[in-house]
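So this block is run_13.csv, CSV, C-alpha atoms:
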```csv
chain,number,residue,atom,x,y,z
A,1,MET,CA,8.9,50.5,-153.5
A,2,ALA,CA,9.0,49.3,-149.9
A,3,THR,CA,10.3,45.8,-149.7
A,4,VAL,CA,10.5,43.7,-146.5
A,5,VAL,CA,12.8,40.7,-146.5
A,6,VAL,CA,12.0,38.3,-143.7
A,7,GLY,CA,15.0,36.4,-142.5
A,8,ALA,CA,18.5,37.8,-141.9
A,9,GLY,CA,20.7,34.7,-142.6
A,10,ILE,CA,23.0,34.6,-145.6
A,11,ILE,CA,20.1,34.1,-148.0
A,12,GLY,CA,18.0,37.0,-146.8
A,13,THR,CA,20.9,39.4,-146.3
A,14,ALA,CA,22.2,38.7,-149.8
A,15,ILE,CA,18.7,39.3,-151.3
A,16,ALA,CA,18.2,42.5,-149.3
A,17,HIS,CA,21.6,43.8,-150.4
A,18,ASP,CA,20.9,42.9,-154.0
A,19,LEU,CA,17.5,44.6,-154.0
A,20,GLN,CA,18.8,47.7,-152.2
A,21,ARG,CA,21.5,48.0,-154.9
A,22,ARG,CA,18.7,47.8,-157.6
A,23,GLY,CA,16.9,50.8,-156.1
A,24,ARG,CA,14.3,49.2,-153.8
A,25,GLN,CA,13.9,50.6,-150.3
A,26,VAL,CA,14.4,47.5,-148.2
A,27,VAL,CA,13.8,46.5,-144.6
A,28,LEU,CA,15.5,43.4,-143.4
A,29,VAL,CA,13.7,41.9,-140.4
A,30,ASP,CA,14.6,39.0,-138.1
A,31,ARG,CA,13.9,37.9,-134.6
A,32,ASP,CA,17.7,37.8,-134.0
A,33,ALA,CA,20.7,39.8,-135.3
A,34,PRO,CA,21.9,39.0,-138.8
A,35,GLY,CA,23.6,35.7,-139.3
A,36,ARG,CA,22.8,34.2,-135.9
A,37,GLY,CA,20.9,31.2,-137.2
A,38,ALA,CA,22.2,28.4,-139.5
A,39,SER,CA,24.5,31.0,-141.2
A,40,PHE,CA,26.5,31.3,-138.0
A,41,GLY,CA,27.5,27.6,-138.0
A,42,ASN,CA,27.4,26.3,-141.6
A,43,MET,CA,30.4,24.3,-142.8
A,44,ALA,CA,31.9,27.4,-144.6
A,45,SER,CA,31.9,25.7,-147.9
A,46,ILE,CA,30.9,26.8,-151.4
A,47,ALA,CA,30.0,23.1,-152.2
A,48,VAL,CA,29.1,23.3,-155.9
A,49,THR,CA,29.4,19.5,-156.4
A,50,GLU,CA,26.8,18.6,-153.7
A,51,PHE,CA,23.6,18.8,-155.6
A,52,MET,CA,22.9,15.1,-155.8
A,53,PRO,CA,19.3,14.5,-154.5
A,54,ALA,CA,19.2,13.1,-151.0
A,55,SER,CA,16.0,11.1,-152.0
A,56,ARG,CA,17.9,8.6,-154.2
A,57,PRO,CA,17.3,4.9,-153.3
A,58,SER,CA,20.9,4.4,-152.3
A,59,VAL,CA,20.3,6.8,-149.4
A,60,TRP,CA,16.8,6.0,-148.2
A,61,LYS,CA,17.3,2.2,-148.2
A,62,GLN,CA,20.0,2.7,-145.6
A,63,ILE,CA,17.8,5.0,-143.4
A,64,PRO,CA,16.2,2.2,-141.3
A,65,GLY,CA,19.7,0.9,-140.3
A,66,TRP,CA,21.0,4.4,-139.6
A,67,MET,CA,18.0,5.1,-137.3
A,68,LEU,CA,19.0,2.1,-135.2
A,69,ASP,CA,22.6,3.3,-134.9
A,70,PRO,CA,22.9,6.2,-132.4
A,71,GLU,CA,26.1,7.2,-134.3
A,72,GLY,CA,24.7,6.8,-137.8
A,73,PRO,CA,24.9,9.7,-140.4
A,74,VAL,CA,21.1,10.2,-140.1
A,75,ARG,CA,19.4,10.2,-136.7
A,76,VAL,CA,15.6,10.5,-136.1
A,77,ARG,CA,14.6,11.0,-132.5
A,78,PRO,CA,11.9,8.3,-131.9
A,79,SER,CA,9.4,10.9,-130.4
A,80,TYR,CA,9.6,12.8,-133.6
A,81,MET,CA,8.9,10.0,-136.0
A,82,PRO,CA,5.1,10.4,-136.2
A,83,ARG,CA,5.4,14.1,-137.1
A,84,LEU,CA,8.1,13.3,-139.8
A,85,ALA,CA,6.0,10.7,-141.6
A,86,PRO,CA,4.2,13.0,-144.1
A,87,TRP,CA,7.5,14.6,-145.0
A,88,PHE,CA,9.2,11.3,-145.4
A,89,LEU,CA,6.5,10.0,-147.8
A,90,ARG,CA,7.1,13.0,-150.0
A,91,PHE,CA,10.9,12.2,-149.8
A,92,LEU,CA,10.2,8.7,-151.0
A,93,ALA,CA,8.0,10.1,-153.9
A,94,ALA,CA,11.0,12.2,-155.0
A,95,SER,CA,13.0,9.0,-155.5
A,96,ARG,CA,11.3,7.9,-158.8
A,97,PRO,CA,14.0,7.6,-161.5
A,98,SER,CA,12.3,10.2,-163.8
A,99,ARG,CA,12.0,12.6,-160.9
A,100,LEU,CA,15.6,12.1,-159.8
A,101,ARG,CA,16.8,13.0,-163.2
A,102,GLU,CA,14.8,16.3,-163.1
A,103,LEU,CA,16.1,17.1,-159.6
A,104,GLU,CA,19.7,16.5,-160.7
A,105,ALA,CA,19.3,18.9,-163.6
A,106,GLN,CA,17.6,21.5,-161.4
A,107,GLY,CA,20.4,21.2,-158.8
A,108,ALA,CA,23.1,21.4,-161.4
A,109,ALA,CA,21.5,24.5,-163.0
A,110,LEU,CA,21.9,26.4,-159.6
A,111,CYS,CA,25.3,24.9,-158.6
A,112,GLY,CA,26.8,25.5,-162.0
A,113,ARG,CA,26.4,29.3,-161.3
A,114,ALA,CA,27.3,29.3,-157.7
A,115,LEU,CA,31.1,29.9,-157.7
A,116,ASP,CA,31.0,32.6,-160.3
A,117,ASP,CA,28.1,34.4,-158.6
A,118,THR,CA,29.8,34.1,-155.2
A,119,LEU,CA,33.1,35.5,-156.6
A,120,ASP,CA,31.1,38.4,-158.3
A,121,LEU,CA,29.4,39.2,-155.0
A,122,LEU,CA,32.7,39.2,-153.0
A,123,ARG,CA,34.4,41.4,-155.6
A,124,ASP,CA,31.4,43.9,-155.5
A,125,THR,CA,31.6,44.1,-151.8
A,126,GLY,CA,35.4,44.2,-151.4
A,127,LEU,CA,35.5,40.8,-149.7
A,128,SER,CA,37.4,38.8,-152.3
A,129,ASP,CA,40.0,37.8,-149.6
A,130,GLN,CA,37.4,35.9,-147.7
A,131,ILE,CA,37.4,32.9,-150.0
A,132,SER,CA,40.1,30.2,-150.3
A,133,ASP,CA,42.0,29.4,-153.5
A,134,GLU,CA,42.0,25.7,-152.7
A,135,GLY,CA,39.2,23.2,-153.3
A,136,CYS,CA,37.9,20.2,-151.4
A,137,LEU,CA,39.3,16.6,-151.2
A,138,SER,CA,36.8,13.7,-151.0
A,139,LEU,CA,38.6,10.8,-149.3
A,140,TYR,CA,38.3,7.1,-149.8
A,141,ALA,CA,40.1,4.2,-147.9
A,142,ASP,CA,40.3,2.1,-151.1
A,143,GLU,CA,38.9,1.3,-154.5
A,144,ALA,CA,35.8,-0.4,-153.0
A,145,GLU,CA,34.9,2.7,-151.0
A,146,PHE,CA,35.5,4.9,-154.2
A,147,ARG,CA,33.1,2.6,-156.2
A,148,THR,CA,30.4,3.1,-153.6
A,149,ASP,CA,30.6,6.9,-154.4
A,150,ARG,CA,30.8,6.3,-158.1
A,151,ASP,CA,27.2,7.5,-158.8
A,152,HIS,CA,28.2,11.0,-157.4
A,153,ILE,CA,31.3,11.1,-159.7
A,154,GLU,CA,29.3,10.0,-162.7
A,155,LEU,CA,26.8,12.8,-162.0
A,156,LEU,CA,29.5,15.4,-162.0
A,157,GLU,CA,30.9,14.0,-165.3
A,158,ARG,CA,27.4,14.2,-166.8
A,159,PHE,CA,27.0,17.8,-166.0
A,160,GLY,CA,30.6,18.9,-166.6
A,161,PHE,CA,31.8,19.7,-163.1
A,162,PRO,CA,35.6,19.6,-162.9
A,163,HIS,CA,37.2,17.0,-160.6
A,164,GLU,CA,40.4,15.0,-160.5
A,165,VAL,CA,41.1,11.5,-159.1
A,166,ILE,CA,44.2,11.4,-157.0
A,167,GLY,CA,46.2,8.2,-156.1
A,168,ARG,CA,47.7,7.4,-152.7
A,169,GLN,CA,51.2,8.8,-153.6
A,170,ALA,CA,49.9,12.2,-154.6
A,171,ILE,CA,47.7,12.7,-151.6
A,172,ARG,CA,50.2,13.4,-148.8
A,173,PRO,CA,52.0,16.2,-150.7
A,174,LEU,CA,48.7,18.0,-151.0
A,175,GLU,CA,47.7,17.4,-147.3
A,176,PRO,CA,50.6,16.1,-145.1
A,177,ALA,CA,48.3,15.8,-142.0
A,178,LEU,CA,46.2,13.1,-143.6
A,179,SER,CA,46.4,9.5,-142.4
A,180,ASP,CA,47.9,6.6,-144.3
A,181,LYS,CA,44.4,5.1,-144.1
A,182,VAL,CA,43.4,7.3,-147.0
A,183,GLY,CA,44.1,5.4,-150.2
A,184,MET,CA,42.4,7.6,-152.8
A,185,ALA,CA,40.9,11.1,-153.1
A,186,VAL,CA,39.0,13.2,-155.6
A,187,LEU,CA,39.8,16.9,-155.8
A,188,PHE,CA,36.8,19.2,-156.4
A,189,PRO,CA,38.6,22.5,-157.4
A,190,GLN,CA,35.5,24.6,-157.4
A,191,ASN,CA,34.5,23.7,-153.8
A,192,ARG,CA,36.1,26.7,-152.1
A,193,SER,CA,36.0,27.6,-148.4
A,194,MET,CA,34.9,30.8,-146.7
A,195,LYS,CA,37.2,32.0,-144.0
A,196,ASP,CA,34.4,33.4,-141.8
A,197,PRO,CA,30.8,32.8,-143.1
A,198,TYR,CA,29.3,34.6,-140.1
A,199,GLY,CA,31.6,37.6,-140.8
A,200,LEU,CA,30.4,37.5,-144.4
A,201,VAL,CA,26.8,38.0,-143.3
A,202,LEU,CA,27.8,40.9,-141.0
A,203,ALA,CA,29.8,42.5,-143.8
A,204,LEU,CA,26.9,42.2,-146.3
A,205,ALA,CA,24.5,43.6,-143.6
A,206,SER,CA,26.8,46.5,-143.0
A,207,ARG,CA,27.1,47.3,-146.7
A,208,PHE,CA,23.3,47.0,-147.1
A,209,VAL,CA,22.8,49.6,-144.3
A,210,GLY,CA,25.4,51.8,-146.0
A,211,LEU,CA,23.4,51.7,-149.2
A,212,GLY,CA,20.3,53.0,-147.3
A,213,GLY,CA,18.7,49.8,-146.2
A,214,ARG,CA,17.3,49.2,-142.7
A,215,ILE,CA,17.5,46.3,-140.3
A,216,GLU,CA,14.7,45.7,-137.8
A,217,ARG,CA,14.6,43.2,-134.9
A,218,GLY,CA,11.3,41.5,-134.2
A,219,ASP,CA,9.1,38.5,-134.5
A,220,VAL,CA,6.9,38.4,-137.6
A,221,VAL,CA,3.4,37.6,-136.3
A,222,GLY,CA,1.2,38.3,-139.4
A,223,PHE,CA,0.6,40.0,-142.7
A,224,ASN,CA,-2.0,42.4,-143.9
A,225,ARG,CA,-3.2,41.9,-147.5
A,226,SER,CA,-5.9,43.1,-149.8
A,227,ASP,CA,-5.4,42.6,-153.5
A,228,ARG,CA,-1.6,42.4,-152.7
A,229,MET,CA,0.8,42.6,-149.8
A,230,ARG,CA,0.3,45.7,-147.6
A,231,GLU,CA,2.0,45.3,-144.3
A,232,VAL,CA,4.2,43.0,-142.2
A,233,ALA,CA,3.0,42.8,-138.5
A,234,LEU,CA,5.6,42.4,-135.8
A,235,GLY,CA,5.3,41.5,-132.2
A,236,GLY,CA,4.6,44.4,-129.9
A,237,GLY,CA,2.1,46.0,-132.3
A,238,ARG,CA,4.6,47.3,-134.8
A,239,HIS,CA,3.8,47.3,-138.5
A,240,LEU,CA,6.1,47.6,-141.5
A,241,PRO,CA,4.5,48.9,-144.8
A,242,ALA,CA,5.4,46.6,-147.6
A,243,ASP,CA,4.6,46.6,-151.3
A,244,GLU,CA,6.7,43.4,-151.5
A,245,VAL,CA,7.6,40.7,-149.0
A,246,VAL,CA,10.3,38.1,-149.4
A,247,ILE,CA,10.1,35.0,-147.1
A,248,CYS,CA,13.6,33.6,-146.6
A,249,ALA,CA,13.5,32.6,-142.9
A,250,GLY,CA,15.2,29.2,-143.3
A,251,ALA,CA,13.6,26.5,-141.3
A,252,HIS,CA,11.0,28.9,-139.9
A,253,SER,CA,9.7,29.7,-143.4
A,254,GLY,CA,7.2,26.8,-143.2
A,255,ARG,CA,5.2,28.5,-140.4
A,256,LEU,CA,5.1,31.8,-142.3
A,257,ALA,CA,4.1,30.2,-145.6
A,258,LYS,CA,1.3,28.3,-143.9
A,259,SER,CA,-0.1,31.5,-142.4
A,260,LEU,CA,-0.1,33.0,-145.9
A,261,GLY,CA,-2.2,30.1,-147.2
A,262,GLU,CA,0.7,28.4,-149.1
A,263,PRO,CA,1.8,25.4,-146.9
A,264,ILE,CA,5.1,23.8,-147.9
A,265,PRO,CA,6.6,20.5,-146.6
A,266,MET,CA,9.4,22.2,-144.6
A,267,GLU,CA,11.4,20.2,-142.0
A,268,THR,CA,14.6,21.0,-140.2
A,269,GLU,CA,17.8,19.0,-140.6
A,270,ARG,CA,19.6,19.8,-137.4
A,271,GLY,CA,23.3,20.3,-138.1
A,272,TYR,CA,26.2,20.2,-135.6
A,273,HIS,CA,29.7,21.5,-135.8
A,274,THR,CA,32.7,21.7,-133.6
A,275,GLN,CA,35.0,24.7,-134.0
A,276,ILE,CA,38.5,23.8,-132.9
A,277,MET,CA,40.6,26.9,-132.2
A,278,ALA,CA,43.9,25.2,-131.7
A,279,PRO,CA,43.8,22.0,-133.8
A,280,GLY,CA,47.6,21.4,-133.8
A,281,ILE,CA,47.5,20.8,-137.6
A,282,GLY,CA,47.2,22.9,-140.8
A,283,LEU,CA,44.9,22.2,-143.8
A,284,ARG,CA,44.9,23.8,-147.2
A,285,HIS,CA,41.8,22.1,-148.5
A,286,SER,CA,38.5,21.2,-146.9
A,287,ILE,CA,38.0,17.5,-146.7
A,288,ILE,CA,35.1,15.2,-146.7
A,289,TRP,CA,35.0,11.4,-146.2
A,290,PRO,CA,31.6,10.2,-147.7
A,291,ALA,CA,31.8,6.7,-146.0
A,292,LYS,CA,32.3,8.3,-142.6
A,293,ALA,CA,29.9,11.2,-143.1
A,294,PHE,CA,32.0,14.1,-141.9
A,295,MET,CA,33.6,17.3,-143.2
A,296,VAL,CA,36.5,19.4,-142.0
A,297,THR,CA,37.0,23.0,-143.2
A,298,PRO,CA,39.8,25.4,-142.5
A,299,THR,CA,38.5,28.7,-141.3
A,300,SER,CA,40.0,31.9,-139.9
A,301,GLY,CA,39.2,30.7,-136.4
A,302,GLY,CA,40.9,27.3,-136.6
A,303,ILE,CA,39.2,24.3,-138.3
A,304,ARG,CA,35.5,23.3,-138.3
A,305,VAL,CA,34.3,19.7,-138.1
A,306,GLY,CA,30.7,18.8,-139.0
A,307,GLY,CA,28.5,16.3,-140.6
A,308,THR,CA,25.5,14.0,-140.0
A,309,VAL,CA,21.8,14.9,-139.9
A,310,GLU,CA,19.4,14.9,-137.0
A,311,MET,CA,15.6,15.1,-137.5
A,312,ALA,CA,14.0,16.3,-134.2
A,313,GLY,CA,12.1,19.4,-135.0
A,314,LEU,CA,12.7,23.1,-134.1
A,315,ASP,CA,12.2,22.8,-130.3
A,316,ALA,CA,14.2,19.8,-129.0
A,317,ALA,CA,17.4,20.5,-127.0
A,318,PRO,CA,20.7,19.9,-128.8
A,319,ASP,CA,22.4,16.5,-128.5
A,320,TYR,CA,26.1,17.3,-128.7
A,321,ARG,CA,27.0,13.6,-128.8
A,322,ARG,CA,26.5,14.2,-132.5
A,323,SER,CA,29.4,16.7,-132.6
A,324,LYS,CA,31.7,14.3,-130.7
A,325,VAL,CA,31.0,11.5,-133.2
A,326,THR,CA,32.2,13.6,-136.1
A,327,VAL,CA,35.3,14.7,-134.3
A,328,ARG,CA,36.3,11.1,-133.6
A,329,ARG,CA,35.8,10.3,-137.2
A,330,ALA,CA,37.8,13.3,-138.3
A,331,GLN,CA,40.6,12.1,-136.2
A,332,GLU,CA,40.7,8.9,-138.2
A,333,ALA,CA,41.6,11.0,-141.2
A,334,LEU,CA,43.7,13.5,-139.2
A,335,PRO,CA,45.5,11.5,-136.5
A,336,ASN,CA,47.3,14.5,-135.0
A,337,LEU,CA,44.2,16.6,-134.7
A,338,ARG,CA,43.8,17.9,-131.2
A,339,CYS,CA,40.4,18.9,-129.8
A,340,GLU,CA,41.1,20.7,-126.5
A,341,ASP,CA,40.2,24.3,-127.2
A,342,PHE,CA,36.8,24.1,-128.9
A,343,SER,CA,33.2,25.1,-129.1
A,344,GLU,CA,30.1,23.2,-130.2
A,345,TRP,CA,27.1,24.5,-132.1
A,346,MET,CA,23.7,23.2,-133.4
A,347,GLY,CA,21.6,24.9,-136.0
A,348,HIS,CA,18.5,24.4,-138.2
A,349,ARG,CA,18.9,23.8,-141.9
A,350,PRO,CA,15.7,24.2,-144.0
A,351,ALA,CA,14.9,20.8,-145.6
A,352,LEU,CA,12.4,20.2,-148.4
A,353,PRO,CA,11.8,16.5,-149.4
A,354,ASP,CA,13.0,17.0,-153.0
A,355,THR,CA,16.1,18.8,-151.8
A,356,ILE,CA,15.9,21.7,-154.2
A,357,PRO,CA,14.9,25.2,-152.9
A,358,ILE,CA,11.8,27.3,-153.5
A,359,LEU,CA,12.7,30.4,-155.5
A,360,SER,CA,9.3,31.7,-156.4
A,361,ALA,CA,6.6,34.3,-156.6
A,362,SER,CA,3.5,33.5,-154.6
A,363,ALA,CA,0.8,31.6,-156.4
A,364,ARG,CA,-1.8,33.4,-154.4
A,365,THR,CA,-0.7,36.9,-153.4
A,366,LYS,CA,0.8,39.7,-155.5
A,367,GLY,CA,3.9,41.2,-154.1
A,368,LEU,CA,4.9,38.0,-152.1
A,369,PHE,CA,8.0,35.9,-152.9
A,370,TYR,CA,9.8,32.9,-151.4
A,371,ALA,CA,13.4,32.0,-151.3
A,372,THR,CA,13.9,29.1,-148.9
A,373,GLY,CA,14.6,25.4,-148.5
A,374,HIS,CA,18.3,25.4,-149.5
A,375,GLY,CA,19.2,22.6,-147.1
A,376,HIS,CA,22.9,22.1,-146.9
A,377,LEU,CA,23.6,24.7,-149.7
A,378,GLY,CA,22.5,28.0,-148.1
A,379,LEU,CA,26.0,29.6,-148.3
A,380,THR,CA,26.7,27.9,-151.6
A,381,LEU,CA,23.7,29.3,-153.3
A,382,ALA,CA,23.3,32.6,-151.5
A,383,ALA,CA,24.8,34.8,-154.2
A,384,THR,CA,23.0,32.9,-157.0
A,385,THR,CA,19.7,33.1,-155.1
A,386,ALA,CA,20.1,36.8,-154.6
A,387,ARG,CA,20.7,37.4,-158.3
A,388,LEU,CA,17.8,35.2,-159.4
A,389,MET,CA,15.4,36.6,-156.9
A,390,GLY,CA,16.5,40.2,-157.7
A,391,ASP,CA,15.6,39.6,-161.3
A,392,LEU,CA,12.3,37.9,-160.5
A,393,ILE,CA,11.2,40.6,-158.1
A,394,THR,CA,12.2,43.6,-160.3
A,395,GLY,CA,10.6,42.1,-163.4
A,396,LYS,CA,13.8,41.2,-165.2
A,397,ARG,CA,14.0,37.8,-166.8
A,398,PRO,CA,16.2,35.5,-164.7
A,399,PRO,CA,19.1,33.7,-166.6
A,400,ILE,CA,17.6,30.3,-165.7
A,401,ASP,CA,14.0,29.0,-165.8
A,402,LEU,CA,12.6,29.3,-162.2
A,403,HIS,CA,9.5,27.2,-162.9
A,404,PRO,CA,10.9,24.0,-161.4
A,405,TYR,CA,11.5,25.9,-158.1
A,406,ARG,CA,7.9,27.2,-157.8
A,407,ILE,CA,6.2,27.1,-154.4
A,408,ASN,CA,3.2,25.2,-155.6
A,409,ARG,CA,5.1,22.3,-157.1
A,410,TYR,CA,4.0,19.9,-154.3
```
Can the structure in the file be given as structure tokens, please?
Amino acid sequence: MATVVVGAGIIGTAIAHDLQRRGRQVVLVDRDAPGRGASFGNMASIAVTEFMPASRPSVWKQIPGWMLDPEGPVRVRPSYMPRLAPWFLRFLAASRPSRLRELEAQGAALCGRALDDTLDLLRDTGLSDQISDEGCLSLYADEAEFRTDRDHIELLERFGFPHEVIGRQAIRPLEPALSDKVGMAVLFPQNRSMKDPYGLVLALASRFVGLGGRIERGDVVGFNRSDRMREVALGGGRHLPADEVVICAGAHSGRLAKSLGEPIPMETERGYHTQIMAPGIGLRHSIIWPAKAFMVTPTSGGIRVGGTVEMAGLDAAPDYRRSKVTVRRAQEALPNLRCEDFSEWMGHRPALPDTIPILSASARTKGLFYATGHGHLGLTLAATTARLMGDLITGKRPPIDLHPYRINRY
């Protein structure tokens, strides 16, 4: 069967690779080369503990104050507020206690598989050396700051995710570069780091082609359907025959889904990072500081600093002041961190208001599937998504119930 996978980020490339291995004849299509979107600049983390719904009241009650703070962890450009309003109302609707409990369980079901599925994929592709052996340290100045994050720790305890509370005296031997301002930490041993997430996409794309798959560059401008999917239309008059189509184009999936008669409430959370090539320090673990809304990850090209969210749509120019804020905050935790030889990046993370992805067959068109809306967890859930969607598309029963992730749940 001819299968067209639309979107060559880590999600689409992993799905295309999985389907090609299962015997489908797959074409992977994107307007850009593989991995040049959000997958190029993600925070290089397999963040299995980060499935807590963003729609919880402890978050949205702070949003008005954050919006007034140009350096706050969430920034909405004033000109974009009217367009964001319908999405934000759905975000609030996902904060009901009963709905939050459902979302927590649905996030845990995916993240509970993520590390094992990632390790399996890396072994299968000869890339096991691309993932760290160390976990992530969540930092706290004191007991009061730790208590503020207690709902996250209790969630991990409820679903059985391993973690270890570490006192002040034990922190410095783990990471000597950390400041004395850090009074406590929690170690998340399963939250591993990827050495080169962009390189991972390229390696998967290369293996996919080696298995007989094909990569096409082009803008998807339409679809031809009768009783099922027939063709994908590209700019310039090209057409790709397709018995099956998988939409996994990240933040651009909303436009494509709408053209197929299945609108979804997709927004972009614009993410920023600073890649520091000569940081002057070493790190074994990735680190996060929840109260200061930043993350630092060691990569093969130095260390990567990121964090915060900007809501401004797909077309607005980057505001690299966001990157500089996170670097300053990272230097509070890492006082000897130098930022002289560096690059800055902005990319689009696909955000759904209930913060769990769509992993679904179409409710309208036979042969059409969706895998999108992973938010901050695209790299984390790529291998799991590929395995689940491979089962769904080839008619095998997936190991978890995909009904909660259906496209028509809104």
Q | Interatomic distance (Å, one decimal) between atom CA of A:Phe146 and atom CA of A:Cys339 | A |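 Atom-to-atom, atom CA of A:Phe146 and atom CA of A:Cys339 are spaced 28.6 Å apart.
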Q. Nearest to A:Ala249 among A:Arg99, A:His374, A:Arg83, A:Arg123, with distances taken over all atoms listed in the file: which residue is it?
A.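 Using all atoms listed in the file, A:Ala249 sits closest to A:His374.
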When you look at A:Phe40 with a cut-off of 8 Å (counting only C-alpha atoms), what residues show up, excluding the ones that are within fewer than 3 positions of it in the same chain? I need them as a JSON list (two decimals) with C-alpha atoms, keeping the file's coordinate frame.
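Saved result, selection_9.json, follows:
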```json
[["chain", "number", "residue", "atom", "x", "y", "z"],
["A", 35, "GLY", "CA", 23.60, 35.70, -139.30],
["A", 36, "ARG", "CA", 22.80, 34.20, -135.90],
["A", 37, "GLY", "CA", 20.90, 31.20, -137.20],
["A", 197, "PRO", "CA", 30.80, 32.80, -143.10],
["A", 198, "TYR", "CA", 29.30, 34.60, -140.10]]
```
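Note that the spacing between atom CA of A:Ala144 and atom CA of A:His285 amounts to 23.7 Å.
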Q. Residues at most 9 Å from stretch 299-316 of chain A, counting all atoms listed in the file, excluding those fewer than 2 positions away in the same chain, as number ranges by chain?
A. A: 42-44, 71-81, 83-84, 193-197, 251-252, 267-279, 282-283, 293-297, 318-319, 322-323, 326-327, 330, 348
**Q.** Atomic separation - atom CA of A:Thr385 relative to atom CA of A:Thr13, Å
**A.**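 Straight-line distance from atom CA of A:Thr13 to atom CA of A:Thr385 works out to 10.9 Å.
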Q. Near stretch 226-232 of chain A, counting only C-alpha atoms, which residues have an atom at most 9 Å away, once you skip same-chain residues fewer than 2 positions from it, shown as a list in words?
A.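 Result of the neighbour search: Val4, Val220, Val221, Gly222, Phe223, Asn224, Leu234, Arg238, His239, Leu240, Pro241, Ala242, Asp243, Glu244, Val245, Thr365, Lys366, Gly367 and Leu368 of chain A.
Take the candidates A:Ala47, A:Leu155, A:Ala382, A:Ile407 and check each one against A:Asp120 using only C-alpha atoms; the shortest distance goes to A:Ala382.
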**Q.** Shell of 6 Å around A:Ser55, all atoms listed in the file, local chain residues under 6 positions omitted, as a VMD selection string
**A.** chain A and resid 91 94 to 95
